[in-house]
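Here the structure comes first, spelled out in structure tokens, and everything after it is commentary.
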Amino acid sequence: MTRMPDPFHPSRRAAGVQLPIIPTVAGWIAETPGTVSLGQGVAYYGPPPEAMRVLGGFASSPASHPYKPDAGLPELRKAFEEKLRAENGIDAPFERRILVTAGANQAFFNAVLAICDPGDEVILLTPYYFNHEMAIALASCRAVCVPTDESCRPRVDAIEAALTPRTRAVVTVSPNNPTGVVYSRETLSEINRLCARRGLYHISDEAYEYFTYDGAEHFSPGSLGGGEHTISLYSLSKAYGMASWRVGFLVAPERLFDDLMKIQDTVIVCAPAVSQAVALGALRTGRGYCRERLETIDRVRREVMDRLSSLPGLLTVPPAQGAFYVLAKVRTGMGDLLLTERLIREHRVAVIPGGTFGITEACCLRIAYGSLTPETAAEGMRRLVEGLRAILGG
């Protein structure tokens, strides 16, 4: 008997996208009570109390509840314009260059939809942020993955060699997720100049801009004056502890604004008004709110690095001076997904397998430490080190 095709099959577009790994890991954690999670990347603190005070007045005001402008509250966009000028050296008038999005993930997806046609290519640096690869696939485009060097830093010559007539953009993430590496001003400038020379967009994801350590400095490529080809992405999720509020910013060339507005209106209309109100309060509080908490995160980072250094025969760790991640390359023939599951089920400590970040040639684990207190970090790292030794015999 001839088998009839399923008329209700899912789209090939969605079927070709990887499943997000964090819910899978979360499921294993839920089945293993008492697990310490070194998995999901969130800050240990919540929004500024000053920002949260707007909620009472917001709820009681009839003007709070209708739709808001697609691009975001003008006062919020103006405040972000001033932040960009003062902190990032970027002059981007908010009226035609800044949009408020539901987090930096939506900002990235909007940007891809605005600049790419189906079949176009976008350069990602491996290891990449997995939601970027997923968004490119959902847009019916192709992610071209360019390996970084042994220290997980970009190789500009390799990027240039990967360009084709279908390339539309090069994506950089600095400070980096998943490696914690901070790209130098010189490297980011060189990539930005390459994009200008070859007629490409440079998409710069700067969600972790405030999280740098040991003298490392964040640099914004948009400050180079490339307003015609540089797209910058920002988020309040990390710096202001607002992950669930979903507030990000897309800073784009003016020529893209009308098309971005079409996409914004179709996908979300506007970012949630209550989140925008809290975001405005957070921006008015200022980056000092994050700076005051960096010392605690840095103490945890040092604990993580010290514990990992006790396994020189099992692990290689690139320099991690930013964000709140470490990417450990494990010397084993075991698959990273199986190793991750065993660490959770047998040793009650969770990490994220490197395969989801495009690492296929080695077993790598992403270790996230931003959500931990020093005491929890010490216990989590003790379990991780003992677990790796027990499983791998190191």
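Just remember, in the structure tokens the first chain shown is A, the second B, etc., residues are 1-based per chain, and ligands are 1-based in the order shown.
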
For this session: Return as a ChimeraX atom specification the full set of residues in segment 152-309 of chain A whose backbone-based DSSP assignment is helix (DSSP H, G or I).
Result: /A:156-162,185-198,221-224,243-245,254-267,273-285,288-308

Problem set entry | Exercise: Leu163 of chain A partners within 10 Å, only C-alpha atoms, chain neighbours under 2 positions left out, as number ranges by chain | A: 121-123, 144, 158-161, 165-170, 198, 200

Problem set entry | Proximity to Cys141 of chain A - best of A:Ala162, A:Gly16, A:Val351, A:Arg153, only C-alpha atoms | A:Gly16

So which residues touch Leu388 of chain A within 9 Å, counting only C-alpha atoms, skipping near sequence neighbours fewer than 3 positions away, as a short mmCIF file (atom, residue, chain, number, x, y, z; two decimals) with N, CA and C atoms, in the first residue's frame?
```cif
data_model
loop_
_atom_site.label_atom_id
_atom_site.label_comp_id
_atom_site.auth_asym_id
_atom_site.auth_seq_id
_atom_site.Cartn_x
_atom_site.Cartn_y
_atom_site.Cartn_z
N LEU A 311 42.11 20.89 37.28
CA LEU A 311 41.95 19.77 36.34
C LEU A 311 42.74 20.01 35.06
N LEU A 314 42.45 17.39 32.33
CA LEU A 314 41.14 17.10 31.75
C LEU A 314 40.55 18.26 30.96
N LEU A 339 27.64 13.51 28.69
CA LEU A 339 28.40 13.97 29.85
C LEU A 339 27.56 14.93 30.69
N LEU A 343 26.42 14.30 34.58
CA LEU A 343 26.78 15.24 35.65
C LEU A 343 25.55 15.63 36.47
N ARG A 383 31.09 19.96 43.07
CA ARG A 383 30.40 18.84 42.43
C ARG A 383 30.88 18.63 41.00
N LEU A 384 31.10 19.73 40.27
CA LEU A 384 31.53 19.60 38.88
C LEU A 384 32.91 18.95 38.79
N VAL A 385 33.84 19.43 39.60
CA VAL A 385 35.20 18.88 39.56
C VAL A 385 35.19 17.41 39.98
N ILE A 391 33.65 10.55 36.49
CA ILE A 391 33.15 10.04 35.21
C ILE A 391 34.28 9.74 34.24
N LEU A 392 35.29 10.64 34.22
CA LEU A 392 36.35 10.56 33.21
C LEU A 392 37.63 9.95 33.76
N GLY A 393 37.70 9.75 35.08
CA GLY A 393 38.88 9.12 35.65
C GLY A 393 40.09 10.01 35.73
N GLY A 394 39.89 11.35 35.84
CA GLY A 394 41.02 12.26 35.89
C GLY A 394 41.55 12.46 37.30
#
```

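Of the residues under consideration (A:Ala102, A:Val173, A:Val349, A:Cys145), A:Ala102 shows the shortest atom-to-atom contact distance to Pro272 of chain A when counting only C-alpha atoms.
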
For this session: List every residue of segment 35-183 of chain A that DSSP, applied to the backbone, labels as strand (DSSP E), and write the result as a ChimeraX atom specification.
Result: /A:36-37,98-101,121-126,142-147,167-173

Suppose we keep N, CA and C atoms; can you now write the selection as a PDB file, in the first residue's frame?
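Ended up saving to result.pdb:
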```pdb
ATOM      1  N   VAL A  36      22.607  21.820  41.575  1.00  0.00           N
ATOM      2  CA  VAL A  36      23.104  23.187  41.451  1.00  0.00           C
ATOM      3  C   VAL A  36      23.276  23.475  39.960  1.00  0.00           C
ATOM      4  N   SER A  37      22.633  24.525  39.471  1.00  0.00           N
ATOM      5  CA  SER A  37      22.681  24.820  38.051  1.00  0.00           C
ATOM      6  C   SER A  37      23.795  25.801  37.716  1.00  0.00           C
ATOM      7  N   ILE A  98      16.435  53.962  16.706  1.00  0.00           N
ATOM      8  CA  ILE A  98      16.356  53.120  17.898  1.00  0.00           C
ATOM      9  C   ILE A  98      14.952  52.538  18.047  1.00  0.00           C
ATOM     10  N   LEU A  99      14.875  51.209  18.209  1.00  0.00           N
ATOM     11  CA  LEU A  99      13.619  50.532  18.492  1.00  0.00           C
ATOM     12  C   LEU A  99      13.755  49.738  19.786  1.00  0.00           C
ATOM     13  N   VAL A 100      12.675  49.716  20.574  1.00  0.00           N
ATOM     14  CA  VAL A 100      12.610  48.877  21.764  1.00  0.00           C
ATOM     15  C   VAL A 100      12.015  47.543  21.356  1.00  0.00           C
ATOM     16  N   THR A 101      12.685  46.444  21.725  1.00  0.00           N
ATOM     17  CA  THR A 101      12.236  45.110  21.354  1.00  0.00           C
ATOM     18  C   THR A 101      12.033  44.256  22.598  1.00  0.00           C
ATOM     19  N   GLU A 121      23.199  34.557   3.324  1.00  0.00           N
ATOM     20  CA  GLU A 121      24.108  33.999   4.318  1.00  0.00           C
ATOM     21  C   GLU A 121      24.485  35.037   5.361  1.00  0.00           C
ATOM     22  N   VAL A 122      24.644  34.558   6.595  1.00  0.00           N
ATOM     23  CA  VAL A 122      25.087  35.397   7.702  1.00  0.00           C
ATOM     24  C   VAL A 122      26.257  34.685   8.371  1.00  0.00           C
ATOM     25  N   ILE A 123      27.357  35.397   8.571  1.00  0.00           N
ATOM     26  CA  ILE A 123      28.549  34.830   9.193  1.00  0.00           C
ATOM     27  C   ILE A 123      28.385  34.817  10.714  1.00  0.00           C
ATOM     28  N   LEU A 124      28.525  33.629  11.304  1.00  0.00           N
ATOM     29  CA  LEU A 124      28.592  33.484  12.758  1.00  0.00           C
ATOM     30  C   LEU A 124      29.975  32.958  13.130  1.00  0.00           C
ATOM     31  N   LEU A 125      30.486  33.408  14.262  1.00  0.00           N
ATOM     32  CA  LEU A 125      31.772  32.941  14.749  1.00  0.00           C
ATOM     33  C   LEU A 125      31.543  31.783  15.717  1.00  0.00           C
ATOM     34  N   THR A 126      32.182  30.651  15.446  1.00  0.00           N
ATOM     35  CA  THR A 126      32.034  29.469  16.288  1.00  0.00           C
ATOM     36  C   THR A 126      33.052  29.486  17.423  1.00  0.00           C
ATOM     37  N   ARG A 142      21.016  31.077   5.704  1.00  0.00           N
ATOM     38  CA  ARG A 142      22.039  30.088   6.029  1.00  0.00           C
ATOM     39  C   ARG A 142      23.094  30.714   6.919  1.00  0.00           C
ATOM     40  N   ALA A 143      23.352  30.078   8.054  1.00  0.00           N
ATOM     41  CA  ALA A 143      24.442  30.501   8.927  1.00  0.00           C
ATOM     42  C   ALA A 143      25.741  29.881   8.425  1.00  0.00           C
ATOM     43  N   VAL A 144      26.708  30.716   8.118  1.00  0.00           N
ATOM     44  CA  VAL A 144      28.032  30.246   7.716  1.00  0.00           C
ATOM     45  C   VAL A 144      28.928  30.389   8.932  1.00  0.00           C
ATOM     46  N   CYS A 145      29.390  29.257   9.462  1.00  0.00           N
ATOM     47  CA  CYS A 145      30.109  29.252  10.731  1.00  0.00           C
ATOM     48  C   CYS A 145      31.611  29.305  10.497  1.00  0.00           C
ATOM     49  N   VAL A 146      32.252  30.321  11.060  1.00  0.00           N
ATOM     50  CA  VAL A 146      33.688  30.529  10.901  1.00  0.00           C
ATOM     51  C   VAL A 146      34.357  30.267  12.254  1.00  0.00           C
ATOM     52  N   PRO A 147      35.256  29.285  12.328  1.00  0.00           N
ATOM     53  CA  PRO A 147      35.899  28.986  13.612  1.00  0.00           C
ATOM     54  C   PRO A 147      36.760  30.140  14.110  1.00  0.00           C
ATOM     55  N   THR A 167      26.523  36.638   1.079  1.00  0.00           N
ATOM     56  CA  THR A 167      26.727  37.103   2.455  1.00  0.00           C
ATOM     57  C   THR A 167      26.088  38.470   2.656  1.00  0.00           C
ATOM     58  N   ARG A 168      25.344  38.604   3.766  1.00  0.00           N
ATOM     59  CA  ARG A 168      24.689  39.884   4.058  1.00  0.00           C
ATOM     60  C   ARG A 168      25.215  40.525   5.336  1.00  0.00           C
ATOM     61  N   ALA A 169      25.762  39.726   6.255  1.00  0.00           N
ATOM     62  CA  ALA A 169      26.171  40.303   7.534  1.00  0.00           C
ATOM     63  C   ALA A 169      27.197  39.419   8.218  1.00  0.00           C
ATOM     64  N   VAL A 170      27.980  40.044   9.085  1.00  0.00           N
ATOM     65  CA  VAL A 170      28.884  39.353  10.004  1.00  0.00           C
ATOM     66  C   VAL A 170      28.414  39.686  11.417  1.00  0.00           C
ATOM     67  N   VAL A 171      28.288  38.664  12.265  1.00  0.00           N
ATOM     68  CA  VAL A 171      27.796  38.841  13.631  1.00  0.00           C
ATOM     69  C   VAL A 171      28.952  38.687  14.613  1.00  0.00           C
ATOM     70  N   THR A 172      29.080  39.633  15.529  1.00  0.00           N
ATOM     71  CA  THR A 172      30.013  39.492  16.643  1.00  0.00           C
ATOM     72  C   THR A 172      29.251  39.617  17.955  1.00  0.00           C
ATOM     73  N   VAL A 173      29.707  38.882  18.968  1.00  0.00           N
ATOM     74  CA  VAL A 173      29.121  38.931  20.301  1.00  0.00           C
ATOM     75  C   VAL A 173      30.262  39.175  21.282  1.00  0.00           C
TER      76      VAL A 173
END
```

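Shortest atom-to-atom contact with Ala207 of chain A among A:Asn105, A:Ser64, A:Ser151, A:Ser223: A:Asn105, counting only C-alpha atoms.
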